[in-house]
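Peer 1: I am attaching a structure below and will ask some questions about it afterwards.
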Number of protein chains: 2
Amino acid sequence: VKRINVAIAGLGSIGRKVAELLYARQEHYARSYGVDLRLVAVCGSRAGRADSQGLSATDLEQLLPGQCGPDFILGAEPHILIEAGPTDIRTGQPGLDYIGPALDRGIHCIVVSKGALVAAGSRLREKAAANGARLKISGATAAALPTIDILEHGLLGCEIHSIEGILNATTNYLLSAMVEDRLSLQEAVLRAQGRSMMESDPSKDIEGWDTAAKLLILANFGMAAELSLADVAVEGIQHLTLETIDDWRAQGKVPRLIGRVTRQDNGFLATVRVEPVAADDVFALVSGKTKALRIKTDVMGEIISIGTASEPTGTAAAALKDLEHILSERTVGTR
Amino acid sequence: VKRINVAIAGLGSIGRKVAELLYARQEHYARSYGVDLRLVAVCGSRAGRADSQGLSATDLEQLLPGQCGPDFILGAEPHILIEAGPTDIRTGQPGLDYIGPALDRGIHCIVVSKGALVAAGSRLREKAAANGARLKISGATAAALPTIDILEHGLLGCEIHSIEGILNATTNYLLSAMVEDRLSLQEAVLRAQGRSMMESDPSKDIEGWDTAAKLLILANFGMAAELSLADVAVEGIQHLTLETIDDWRAQGKVPRLIGRVTRQDNGFLATVRVEPVAADDVFALVSGKTKALRIKTDVMGEIISIGTASEPTGTAAAALKDLEHILSERTVGTR
């Protein structure tokens, strides 16, 4: 039985759900991979806790102020870091300060927040490769929806011509409310906030930046596109009116916020914008909090994935799928 | 550069397409995995050819009579066997006589024909495990449609509650013709045969056995169900009338041949039958030669995959995806 130490940076709803699932699956990890998996350090932005013998679920309810930050987490010498902090797609912080140094030390990183991947994805990939560490990103790219797995694993050997997706649950929910109940965007937002389905500031979703961030990560990690955020033409749903929706409805079409990257002769074209989708297109049935990705390839034709589970459970489960991928490889590596 | 020897048993349209893609990707394999990949033996049912230094594309056009069979193929000492022969889901032959002995010798097997997997899947899995060989089955489970990849890789860590799929392109095409053009099944079959879109004997498709075979393989390999064909309640589309279709149409529903396996308290329930599908169900938009799989899980909610590419290219590409999965592991294993 090999001891595997895991640390979690970021203890919001997703980080805590990751810990909960980890505890519930400890026996599964022992049985399936022959590992004794321990959570040796956790932290939020102001408090945390570490124990080289493994933290209990109770310990996580009794965090110690000041026990936080990259030095604290890396000092616990984890084999695997799960980063689930807040996202800032301009600076990549605070995730970047955890992930970069962790990769430098050869610690496998499972990244849930998009910021560092958007701001410094290619640098982080290089660090990972240089240090024999894995950099896994399922949790950062649309939660339980199969995205990077399909690009990296399911379509291995294919040329990817384009990817296009409905990648943001919040805006898709708002669009459904606007179409089905003829609400204005503002009314739809108020309704969603009244039902606690939306953050107090949904502007990053509405203006398309969350979609753009996921799209960028998928393009860079799944198509080797090497794009930066400035390369993506981003429009959100903020200017969509009921008049436009009615016009499209008369043509049998519904609005969807679509992120799209297309491989071209000399680069990639990347856009995020509201588009009218025909009723016989599968994307027209992707409503509410459901997400979807369509991938066009050379020899495997067109592949679509659709997923329902969202934060925090679906995202936490996606991060722990990444964990099992790492555990599988380690098993192979030590045979 | 490590030399990797590959053999292909079965030289129908799929086996030949596998060879064609292999040749086209030789540089890719060298660059991405550091391997010198050679095709050292191929055979159909009556003729074949072997060359320990690697067969050329021209060699494949000049097969030698009698150079065939398991002893011939295994005598070429491949590291990897790609089996793409005809399918007999009752006996598993002829594939079984290639795959079983290959796994016994620790040769990795990529299986495209369903027969051996249906007839002896669990025995083959045991052989693979006992000999450190990989048994890969993407090509046998709905070609380019992501199926086993999602179950084994994309949903790792989840409990799979059920899988249901539109897994047979031929029947889905026939159903589309019956619904859209009000053809009888017989008329739809004649039209498809006239357009060379169907084999002369499509009974295995129409009676549901092809769907049942794929479903069984997915259930056994992806849900550890340990079912045999006798455990699946199989009905095809042969008794579906235009009257039933019209009744369903009046309810806003369309017919789909659906294979479904549901985990129950004490086992699994497996069925193949025509079902009415509501217009707002994604499966209603899966028409013609498109295929789809819906997977219900505990923590990742519901996942749907949809794919268009079919035989022979999509299937050959799926088999070569399996090949790259094996190459990836070997790289990891020898680091």
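Each chain in the structure tokens gets a letter, A, B and so on, in the order shown; residues start at 1 in every chain, and ligands are counted from 1 in the order they appear.
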Could you please tell me, as a ChimeraX atom specification, which residues of chain B have an atom within 9 Å of chain A when using only C-alpha atoms?
Peer 2: /B:25,28,143-147,149-150,153-158,280-282,285-286,299-310,313-318,320-322,324-325,329-330,332-335
Peer 1: With only C-alpha atoms as the counted atoms, please give the residues lying no more than 9 Å from B:Val111, apart from itself and same-chain residues fewer than 5 positions off, as a ChimeraX atom specification.
Peer 2: /B:81-84,95,99,116-117,135-140,319
Peer 1: Please save C-alpha atoms of the selected residues as a tab-separated table (two decimals), in the first residue's frame.
Peer 2:
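Written output follows (part-v7.tsv):
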chain	number	residue	atom	x	y	z
B	81	LEU	CA	-2.99	-7.25	-32.40
B	82	ILE	CA	-5.86	-5.43	-34.08
B	83	GLU	CA	-8.71	-7.85	-34.66
B	84	ALA	CA	-11.24	-6.70	-37.27
B	95	GLY	CA	-12.00	-13.47	-33.58
B	99	ILE	CA	-7.67	-12.83	-29.33
B	116	ALA	CA	-15.62	-12.60	-29.03
B	117	LEU	CA	-16.45	-9.81	-26.59
B	135	LEU	CA	-7.87	-5.44	-24.09
B	136	LYS	CA	-9.28	-2.39	-25.85
B	137	ILE	CA	-12.75	-2.28	-27.38
B	138	SER	CA	-13.58	1.20	-28.67
B	139	GLY	CA	-13.99	-0.02	-32.24
B	140	ALA	CA	-16.51	-2.67	-31.17
B	319	ALA	CA	-9.37	1.23	-33.09
Peer 1: Pick from A:Leu37, A:Leu242, A:Ala47, A:Val112: nearest to A:Ile14, with only C-alpha atoms counted?
Peer 2: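 Looking at the shortest contact to A:Ile14, the residue is A:Val112.
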Peer 1: Taking 6 positions as the minimum chain separation for residues in the same chain, which residues sit within 9 Å of A:Gln93 when counting only C-alpha atoms? Answer as an MDAnalysis selection string.
Peer 2: chainID A and resid 85:87 115:116 119
Peer 1: Per DSSP on the backbone, what are the strand (DSSP E or B) residues of stretch 97-330 of chain B, as a ChimeraX atom specification?
Peer 2: /B:108-111,135-136,160-166,232-234,253-264,267-278,291-297,302-307
Peer 1: For stretch 164-178 of chain A, list every protein, DNA or RNA residue within 7 Å, evaluated using only C-alpha atoms, and leave out those in the same chain fewer than 2 positions away; present the list as JSON, numbers by chain.
Peer 2: {"A": [142, 162, 180, 181, 182, 183, 184, 185, 188, 189, 205, 206, 210, 211, 255, 256, 257, 258, 259, 260, 261, 287, 288, 289, 290, 291, 292, 293, 294, 295]}
Peer 1: When you look at A:Ala120 with a cut-off of 10 Å (counting only C-alpha atoms), what residues show up, excluding the ones that are within fewer than 2 positions of it in the same chain? I need them as a ChimeraX atom specification.
Peer 2: /A:89-92,96,100,115-118,122-125,228
Peer 1: Provide the atom CA of A:Tyr23 to atom CA of B:Leu151 distance in Å, to one decimal place.
Peer 2: 22.5 Å
Peer 1: Can you work out the spacing between atom CA of B:Gly208 and atom CA of B:Gln238 in Å, to one decimal?
Peer 2: 8.9 Å
Peer 1: As a list of chain:residue names, please: the residues near A:Gly34 (cut-off 9 Å, only C-alpha atoms, same-chain neighbours under 3 positions excluded).
Peer 2: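 Close residues of A:Gly34: A:Val1, A:Lys2, A:Arg3, A:Tyr29, A:Ala30, A:Arg31, A:Thr331.
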Peer 1: Restricting it to N, CA, C and O atoms, dump the selection as an mmCIF file, in the first residue's frame.
Peer 2:
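What landed in part20.cif:
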data_model
loop_
_atom_site.group_PDB
_atom_site.id
_atom_site.type_symbol
_atom_site.label_atom_id
_atom_site.label_comp_id
_atom_site.auth_asym_id
_atom_site.auth_seq_id
_atom_site.Cartn_x
_atom_site.Cartn_y
_atom_site.Cartn_z
ATOM 1 N N VAL A 1 0.842 -1.204 0.000
ATOM 2 C CA VAL A 1 0.000 0.000 0.000
ATOM 3 C C VAL A 1 0.870 1.243 0.000
ATOM 4 O O VAL A 1 1.704 1.424 0.885
ATOM 5 N N LYS A 2 0.669 2.064 -0.998
ATOM 6 C CA LYS A 2 1.489 3.258 -1.142
ATOM 7 C C LYS A 2 0.739 4.458 -0.570
ATOM 8 O O LYS A 2 -0.446 4.648 -0.856
ATOM 9 N N ARG A 3 1.405 5.253 0.215
ATOM 10 C CA ARG A 3 0.788 6.431 0.791
ATOM 11 C C ARG A 3 0.789 7.570 -0.226
ATOM 12 O O ARG A 3 1.836 7.902 -0.793
ATOM 13 N N TYR A 29 -10.233 3.982 -3.342
ATOM 14 C CA TYR A 29 -8.863 4.229 -3.805
ATOM 15 C C TYR A 29 -7.925 3.114 -3.339
ATOM 16 O O TYR A 29 -7.037 2.682 -4.078
ATOM 17 N N ALA A 30 -8.135 2.663 -2.116
ATOM 18 C CA ALA A 30 -7.289 1.589 -1.588
ATOM 19 C C ALA A 30 -7.485 0.309 -2.403
ATOM 20 O O ALA A 30 -6.526 -0.349 -2.806
ATOM 21 N N ARG A 31 -8.726 -0.011 -2.663
ATOM 22 C CA ARG A 31 -9.067 -1.250 -3.361
ATOM 23 C C ARG A 31 -8.624 -1.198 -4.825
ATOM 24 O O ARG A 31 -8.049 -2.153 -5.347
ATOM 25 N N THR A 331 0.045 3.737 -10.965
ATOM 26 C CA THR A 331 0.013 2.279 -10.856
ATOM 27 C C THR A 331 0.780 1.664 -12.016
ATOM 28 O O THR A 331 1.616 0.791 -11.833
#
